[in-house]
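Shown below: protein11.csv, with CSV, C-alpha atoms and all ligand atoms.
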```
chain,number,residue,atom,x,y,z
W,1,MET,CA,155.8,-11.7,-8.4
W,2,ASN,CA,156.3,-8.3,-10.0
W,3,SER,CA,153.9,-8.4,-13.0
W,4,GLU,CA,155.0,-5.0,-14.2
W,5,LYS,CA,158.2,-6.6,-15.6
W,6,ILE,CA,156.4,-9.5,-17.2
W,7,PRO,CA,155.7,-9.2,-20.9
W,8,HIS,CA,152.1,-9.5,-22.1
W,9,THR,CA,151.1,-13.1,-22.7
W,10,LYS,CA,150.8,-14.2,-26.4
W,11,LEU,CA,147.2,-15.4,-26.9
W,12,LEU,CA,147.5,-18.5,-29.1
W,13,TYR,CA,143.8,-19.3,-28.7
W,14,LEU,CA,142.9,-16.2,-30.7
W,15,GLU,CA,144.8,-17.6,-33.7
W,16,ASN,CA,143.6,-21.2,-33.5
W,17,SER,CA,140.6,-22.4,-31.4
W,18,TYR,CA,141.6,-26.0,-32.2
W,19,LEU,CA,145.1,-25.9,-30.6
W,20,PHE,CA,144.5,-28.3,-27.7
W,21,SER,CA,148.2,-28.8,-26.9
W,22,SER,CA,151.2,-26.6,-27.3
W,23,HIS,CA,154.3,-25.4,-25.5
W,24,ALA,CA,155.5,-22.3,-23.6
W,25,THR,CA,158.1,-21.0,-21.2
W,26,LEU,CA,157.2,-20.5,-17.6
W,27,LEU,CA,158.0,-16.9,-16.7
W,28,ALA,CA,156.8,-16.5,-13.2
W,29,PHE,CA,154.6,-18.1,-10.5
W,30,GLU,CA,153.2,-17.1,-7.1
W,31,LYS,CA,151.8,-19.1,-4.2
W,32,MET,CA,148.2,-17.9,-3.5
W,33,ASP,CA,147.5,-20.2,-0.6
W,34,ASP,CA,148.5,-23.7,0.6
W,35,ASP,CA,147.4,-25.4,-2.5
W,36,THR,CA,146.9,-22.8,-5.2
W,37,TYR,CA,149.5,-21.1,-7.4
W,38,ALA,CA,149.2,-18.6,-10.2
W,39,VAL,CA,151.4,-19.4,-13.2
W,40,ILE,CA,152.4,-17.0,-15.9
W,41,LEU,CA,153.7,-18.1,-19.3
W,42,ASP,CA,155.1,-16.3,-22.4
W,43,GLN,CA,152.2,-17.7,-24.5
W,44,THR,CA,149.1,-19.7,-23.8
W,45,ILE,CA,146.4,-21.8,-25.4
W,46,PHE,CA,144.2,-21.5,-22.2
W,47,HIS,CA,141.2,-19.2,-22.8
W,48,PRO,CA,140.7,-17.1,-19.6
W,49,GLN,CA,137.2,-16.8,-18.1
W,50,GLY,CA,135.6,-13.7,-19.5
W,51,GLY,CA,133.7,-12.1,-22.4
W,52,GLY,CA,130.9,-14.5,-21.6
W,53,GLN,CA,133.0,-17.6,-22.1
W,54,PRO,CA,134.0,-20.0,-19.2
W,55,THR,CA,137.6,-20.8,-18.4
W,56,ASP,CA,139.6,-23.5,-20.0
W,57,THR,CA,141.0,-26.2,-17.7
W,58,GLY,CA,143.9,-28.5,-18.3
W,59,VAL,CA,147.5,-29.3,-17.4
W,60,ILE,CA,150.9,-27.6,-17.6
W,61,ASN,CA,153.7,-30.1,-17.5
W,62,SER,CA,157.5,-30.0,-17.4
W,63,GLU,CA,160.2,-32.6,-16.7
W,64,SER,CA,160.0,-31.6,-13.0
W,65,PHE,CA,156.3,-30.9,-12.3
W,66,THR,CA,152.7,-31.5,-13.2
W,67,PHE,CA,150.4,-28.5,-12.6
W,68,LYS,CA,146.6,-28.8,-12.9
W,69,VAL,CA,144.9,-25.6,-14.2
W,70,ASN,CA,141.4,-25.0,-12.7
W,71,MET,CA,140.8,-21.3,-13.5
W,72,VAL,CA,142.4,-18.9,-16.0
W,73,ARG,CA,142.1,-15.1,-15.7
W,74,PHE,CA,143.3,-12.2,-17.9
W,75,LYS,CA,144.4,-8.9,-16.4
W,76,GLU,CA,146.2,-6.0,-18.1
W,77,GLY,CA,147.7,-8.1,-20.9
W,78,ILE,CA,148.8,-11.1,-18.7
W,79,VAL,CA,147.1,-14.5,-18.4
W,80,TYR,CA,147.1,-16.0,-14.9
W,81,HIS,CA,146.8,-19.8,-14.7
W,82,PHE,CA,145.4,-20.8,-11.3
W,83,GLY,CA,145.7,-24.3,-10.1
W,84,ASN,CA,147.4,-27.0,-8.0
W,85,LEU,CA,150.7,-28.8,-8.2
W,86,VAL,CA,150.0,-32.5,-8.6
W,87,ASP,CA,153.6,-33.4,-8.6
W,88,GLY,CA,157.1,-31.9,-8.2
W,89,ASN,CA,158.0,-28.2,-7.9
W,90,LEU,CA,157.5,-25.1,-10.1
W,91,HIS,CA,160.5,-23.4,-11.7
W,92,THR,CA,160.8,-20.3,-13.8
W,93,ASP,CA,162.6,-20.3,-17.2
W,94,VAL,CA,161.7,-23.8,-18.0
W,95,LYS,CA,160.0,-25.2,-21.1
W,96,VAL,CA,156.5,-26.5,-20.4
W,97,SER,CA,153.9,-28.4,-22.4
W,98,LEU,CA,150.3,-27.2,-22.3
W,99,THR,CA,147.2,-29.4,-22.7
W,100,ILE,CA,143.6,-28.1,-22.4
W,101,ASP,CA,140.5,-30.2,-21.8
W,102,LYS,CA,139.5,-30.7,-25.4
W,103,GLU,CA,135.8,-31.6,-25.0
W,104,ARG,CA,135.2,-28.7,-22.7
W,105,ARG,CA,136.8,-26.3,-25.2
W,106,ILE,CA,134.9,-27.6,-28.1
W,107,LEU,CA,131.6,-27.2,-26.3
W,108,HIS,CA,132.5,-23.6,-25.3
W,109,SER,CA,133.4,-22.8,-28.9
W,110,LYS,CA,130.0,-24.2,-30.1
W,111,LEU,CA,128.1,-22.3,-27.5
W,112,HIS,CA,130.0,-19.0,-28.2
W,113,SER,CA,129.5,-19.3,-32.0
W,114,ALA,CA,125.8,-20.2,-31.5
W,115,GLY,CA,125.4,-17.0,-29.4
W,116,HIS,CA,126.8,-14.8,-32.2
W,117,LEU,CA,124.7,-16.7,-34.8
W,118,ILE,CA,121.5,-16.1,-32.8
W,119,ASP,CA,122.5,-12.4,-32.7
W,120,ASP,CA,123.0,-12.2,-36.5
W,121,THR,CA,119.8,-14.1,-37.2
W,122,LEU,CA,117.7,-11.9,-34.9
W,123,VAL,CA,118.7,-8.8,-36.9
W,124,SER,CA,117.8,-10.6,-40.2
W,125,LEU,CA,114.3,-11.3,-38.7
W,126,GLY,CA,113.9,-7.5,-38.5
W,127,LEU,CA,114.4,-7.3,-34.7
W,128,ASP,CA,117.2,-4.8,-34.4
W,129,LEU,CA,117.6,-4.7,-30.6
W,130,ILE,CA,120.8,-3.4,-29.0
W,131,PRO,CA,123.1,-6.2,-27.7
W,132,VAL,CA,124.2,-5.8,-24.1
W,133,LYS,CA,125.5,-9.2,-23.0
W,134,GLY,CA,126.4,-12.7,-24.1
W,135,PHE,CA,126.6,-15.6,-21.6
W,136,HIS,CA,127.9,-18.7,-23.3
W,137,PHE,CA,128.1,-21.1,-20.4
W,138,PRO,CA,126.8,-24.7,-20.8
W,139,GLN,CA,124.3,-24.1,-18.0
W,140,GLY,CA,122.0,-21.2,-18.8
W,141,ALA,CA,123.4,-19.7,-22.0
W,142,TYR,CA,121.8,-16.5,-23.3
W,143,VAL,CA,122.1,-13.4,-25.3
W,144,GLU,CA,120.7,-10.2,-23.9
W,145,TYR,CA,119.4,-7.0,-25.5
W,146,LYS,CA,118.3,-3.5,-24.5
W,147,GLY,CA,114.7,-3.2,-25.7
W,148,THR,CA,111.6,-5.2,-25.3
W,149,LEU,CA,109.5,-7.6,-27.5
W,150,PRO,CA,105.7,-7.4,-27.2
W,151,LEU,CA,104.3,-10.5,-25.5
W,152,GLU,CA,102.1,-11.4,-28.5
W,153,ILE,CA,105.1,-11.8,-30.8
W,154,ARG,CA,107.5,-13.5,-28.4
W,155,GLU,CA,106.5,-17.2,-29.0
W,156,GLN,CA,106.4,-16.7,-32.8
W,157,THR,CA,109.8,-15.0,-32.6
W,158,ARG,CA,111.2,-17.9,-30.6
W,159,LYS,CA,110.0,-20.3,-33.3
W,160,ASP,CA,111.2,-18.3,-36.2
W,161,LEU,CA,114.6,-17.7,-34.6
W,162,GLU,CA,115.1,-21.4,-33.9
W,163,LYS,CA,114.1,-22.3,-37.4
W,164,THR,CA,116.3,-19.8,-39.2
W,165,VAL,CA,119.3,-20.4,-36.9
W,166,ASN,CA,119.2,-24.1,-37.6
W,167,GLU,CA,118.7,-23.6,-41.4
W,168,ARG,CA,121.8,-21.5,-41.4
W,169,ILE,CA,123.7,-24.2,-39.4
W,170,GLN,CA,122.7,-26.8,-41.9
W,171,GLN,CA,123.7,-24.6,-44.8
W,172,GLY,CA,127.0,-23.9,-43.1
W,173,PHE,CA,129.3,-20.9,-43.0
W,174,ALA,CA,133.1,-20.7,-42.5
W,175,VAL,CA,133.7,-18.6,-39.4
W,176,LYS,CA,136.3,-15.9,-39.9
W,177,THR,CA,138.0,-13.4,-37.7
W,178,MET,CA,139.6,-10.1,-38.7
W,179,LEU,CA,141.6,-7.4,-37.0
W,180,VAL,CA,139.8,-4.1,-37.7
W,181,PRO,CA,141.2,-0.6,-37.0
W,182,PRO,CA,138.9,1.6,-34.8
W,183,ASP,CA,138.0,3.9,-37.7
W,184,GLN,CA,136.7,1.0,-39.9
W,185,LEU,CA,134.7,-0.9,-37.2
W,186,HIS,CA,131.4,0.7,-38.3
W,187,GLN,CA,131.8,-1.0,-41.8
W,188,TYR,CA,131.7,-4.4,-40.2
W,189,CYS,CA,129.9,-4.2,-36.9
W,190,ARG,CA,126.3,-3.1,-36.2
W,191,TYR,CA,127.2,-2.0,-32.7
W,192,ILE,CA,130.5,-0.8,-31.4
W,193,PRO,CA,130.7,-1.0,-27.6
W,194,ASP,CA,132.3,2.0,-25.8
W,195,TYR,CA,134.9,-0.1,-24.0
W,196,LEU,CA,136.8,-1.0,-27.3
W,197,PRO,CA,140.3,0.4,-27.6
W,198,LYS,CA,140.6,3.6,-29.6
W,199,ASP,CA,144.3,3.1,-30.3
W,200,LYS,CA,144.6,-0.4,-31.7
W,201,PRO,CA,142.6,-2.9,-33.9
W,202,THR,CA,139.7,-5.0,-32.5
W,203,ARG,CA,139.2,-8.6,-33.3
W,204,VAL,CA,135.9,-9.0,-35.1
W,205,VAL,CA,134.3,-12.4,-35.6
W,206,PHE,CA,131.9,-13.3,-38.5
W,207,VAL,CA,129.7,-16.4,-38.0
W,208,TYR,CA,127.3,-15.7,-40.8
W,209,GLY,CA,127.4,-13.1,-43.6
W,210,GLU,CA,129.1,-9.8,-43.8
W,211,HIS,CA,128.4,-8.4,-40.3
W,212,GLY,CA,130.6,-9.3,-37.4
W,213,ALA,CA,130.9,-8.5,-33.7
W,214,PRO,CA,133.9,-7.6,-31.6
W,215,CYS,CA,134.9,-10.8,-29.8
W,216,GLY,CA,137.9,-12.3,-28.0
W,217,GLY,CA,136.4,-15.8,-27.7
W,218,THR,CA,137.0,-19.2,-29.3
W,219,HIS,CA,134.8,-20.4,-32.2
W,220,VAL,CA,134.0,-23.4,-34.4
W,221,LYS,CA,135.6,-23.5,-37.9
W,222,ASN,CA,132.2,-23.8,-39.5
W,223,ILE,CA,128.9,-23.3,-37.9
W,224,LYS,CA,127.8,-26.7,-39.2
W,225,GLU,CA,129.8,-28.1,-36.2
W,226,ILE,CA,127.4,-26.5,-33.7
W,227,GLY,CA,124.7,-29.1,-34.3
W,228,TYR,CA,121.1,-28.2,-33.3
W,229,VAL,CA,120.4,-25.0,-31.3
W,230,GLU,CA,117.2,-24.9,-29.3
W,231,ILE,CA,115.9,-21.4,-28.4
W,232,SER,CA,114.5,-22.3,-25.0
W,233,LYS,CA,113.0,-19.0,-23.9
W,234,ILE,CA,112.6,-15.3,-24.7
W,235,LYS,CA,112.0,-13.2,-21.6
W,236,THR,CA,111.6,-9.5,-21.2
W,237,LYS,CA,112.5,-7.9,-17.9
W,238,SER,CA,113.3,-4.3,-16.8
W,239,GLY,CA,113.4,-3.1,-20.4
W,240,ASN,CA,115.8,-5.9,-21.5
W,241,THR,CA,115.1,-9.0,-23.6
W,242,ARG,CA,116.9,-12.2,-22.8
W,243,ILE,CA,117.1,-15.1,-25.3
W,244,SER,CA,118.1,-18.3,-23.7
W,245,TYR,CA,119.5,-21.2,-25.7
W,246,ARG,CA,121.1,-24.5,-25.6
W,247,ILE,CA,122.8,-26.9,-27.9
W,248,LYS,CA,121.0,-30.2,-28.2
W,249,ASN,CA,123.0,-33.2,-27.2
W,250,GLN,CA,125.7,-30.9,-25.8
W,301,ZN,ZN,132.0,-13.3,-28.7
```

Will you turn the file into C-alpha cells for me?
Amino acid sequence: MNSEKIPHTKLLYLENSYLFSSHATLLAFEKMDDDTYAVILDQTIFHPQGGGQPTDTGVINSESFTFKVNMVRFKEGIVYHFGNLVDGNLHTDVKVSLTIDKERRILHSKLHSAGHLIDDTLVSLGLDLIPVKGFHFPQGAYVEYKGTLPLEIREQTRKDLEKTVNERIQQGFAVKTMLVPPDQLHQYCRYIPDYLPKDKPTRVVFVYGEHGAPCGGTHVKNIKEIGYVEISKIKTKSGNTRISYRIKNQ
C-alpha cells in the first residue's frame, strides 16, 4: 500500500458526532498479519484514537465482505481502520457501508464534552491553570494542568467545581464548533498550544460560553446530555494538577 498516492480521508465525524452509519469507497487495504488488515476509505465516521479520546469500533460492510474494526488511527491526513475480516474478501474501489458502535461513541462524546466543561468551569472559579492534557477514556478520565493547588483549598475546589459543572449541565448549552484562522485564535481560546498548524484554520469547540478550546474530538449536541459529572479527585504531583472525573451511570 503506497499511502503517498492516497488522498486525505474526509473526516465526517468532525461535522456530525451523531452520524452512526454512513457509506464510503474503499481505496486501499494492507494485510498486517494473519488476521489483521488496515483499511483506508475516502471518508469515515470512525473517530481515530487520539486527542485524549478512545477509538471508535464498528463494522465496514460490502456485498462481498464483512470487516470488524477494532482500532482506528490517524496519520498524516489518512485514517487507518484496523480490524479483522469476519466474512469474504476485501476489494478496492467498492462502495462500503460503515456502522460505528453507537453506545460507545455517545459515551466518548459525553466524556470529552465533560472534560472541556470542567476546564471552562475551573477558569470561572478563578483558577487559571495552564492546560496540558485531557484524557477522556471511560476508565480514569482526567484533565491535567501545569501548576499546583494548595492542599488546603483542594477539597473545597473539588466540591465547588462539581457543583458548578452540574449547574451548568442542568442549565444546558448548545455545543458549537468553529474553524478559526491562526491569527484569530487568541480571540476565542485562552491557551493556544504550540503544535497547532500555522497555515490553516483550527477547529475550536465551545461547550459553555464564549471561550473555546482547539479540539478534534466528538461532542454532545447540548451539555444537558452529559448527565451528572462527579469530580472524583484533585491531585497535585511534580508541579502538575490532575482533576479526575467520571459520569454517573455511564
Ligand atoms: Zn477536545

For ligand ZN 301 (chain W), list the contacting residues at 9 Å or closer, counting all atoms listed in the file, as a VMD selection string. chain W and resid 51 to 53 112 to 113 115 to 116 134 136 204 to 205 213 to 219

Excluding segment 83-86 of chain W and any residue of its chain fewer than 4 positions from it, enumerate the residues within 10 Å of it, using all atoms listed in the file, and give them as a PyMOL selection string. chain W and resi 31-32+34-39+57-61+65-72+90

Please list as a PyMOL selection string every residue within 10 Å of Lys221 of chain W, counting only C-alpha atoms and excluding residues in the same chain fewer than 5 positions away. chain W and resi 16-18+109-110+113+173-176+207+226

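You can rank W:Arg168, W:Phe20, W:Leu122, W:Lys248 by their closest distance to Glu103 of chain W using only C-alpha atoms, and at the top of that list sits W:Phe20.
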
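Within the 10 Å cut-off around segment 184-189 of chain W, using only C-alpha atoms and omitting residues fewer than 2 positions from it on the same chain, the listed residues are W:Met178, W:Leu179, W:Val180, W:Pro181, W:Pro182, W:Tyr191, W:Ile192, W:Pro193, W:Pro201, W:Thr202, W:Arg203, W:Val204, W:Val205, W:Phe206, W:Glu210, W:His211, W:Gly212, W:Ala213, W:Pro214.
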
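Picture a line from atom CA of Ile45 of chain W to atom CA of Tyr13 of chain W; it runs 4.9 Å.
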
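Atom CA of Asp120 of chain W is positioned 15.5 Å from atom CA of Lys224 of chain W.
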
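Distances to Arg73 of chain W were evaluated for W:Thr9, W:Arg104, W:Asp128, W:Asp33 using only C-alpha atoms, and the minimum falls at W:Thr9.
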
Exercise: residues within 8 Å of coordinate (161.5, -31.3, -14.3), counting only C-alpha atoms, as a ChimeraX atom specification: /W:62-65,88-89

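When all atoms listed in the file are used to measure the gap to Tyr142 of chain W, the shortest distance among W:Gly209, W:Thr44, W:Gln171, W:Ile118 belongs to W:Ile118.
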
Just the residues within 10 Å of Glu230 of chain W, please, counting only C-alpha atoms, with nothing from its chain fewer than 5 positions along; format it as an MDAnalysis selection string. chainID W and resid 158:159 161:163 165:166 244:248

Set the distance at 12 Å and use only C-alpha atoms: which residues neighbour Ile6 of chain W once local chain neighbours fewer than 3 positions away are removed? I'd like the list as an MDAnalysis selection string. chainID W and resid 1:3 9:10 26:29 39:43 76:80
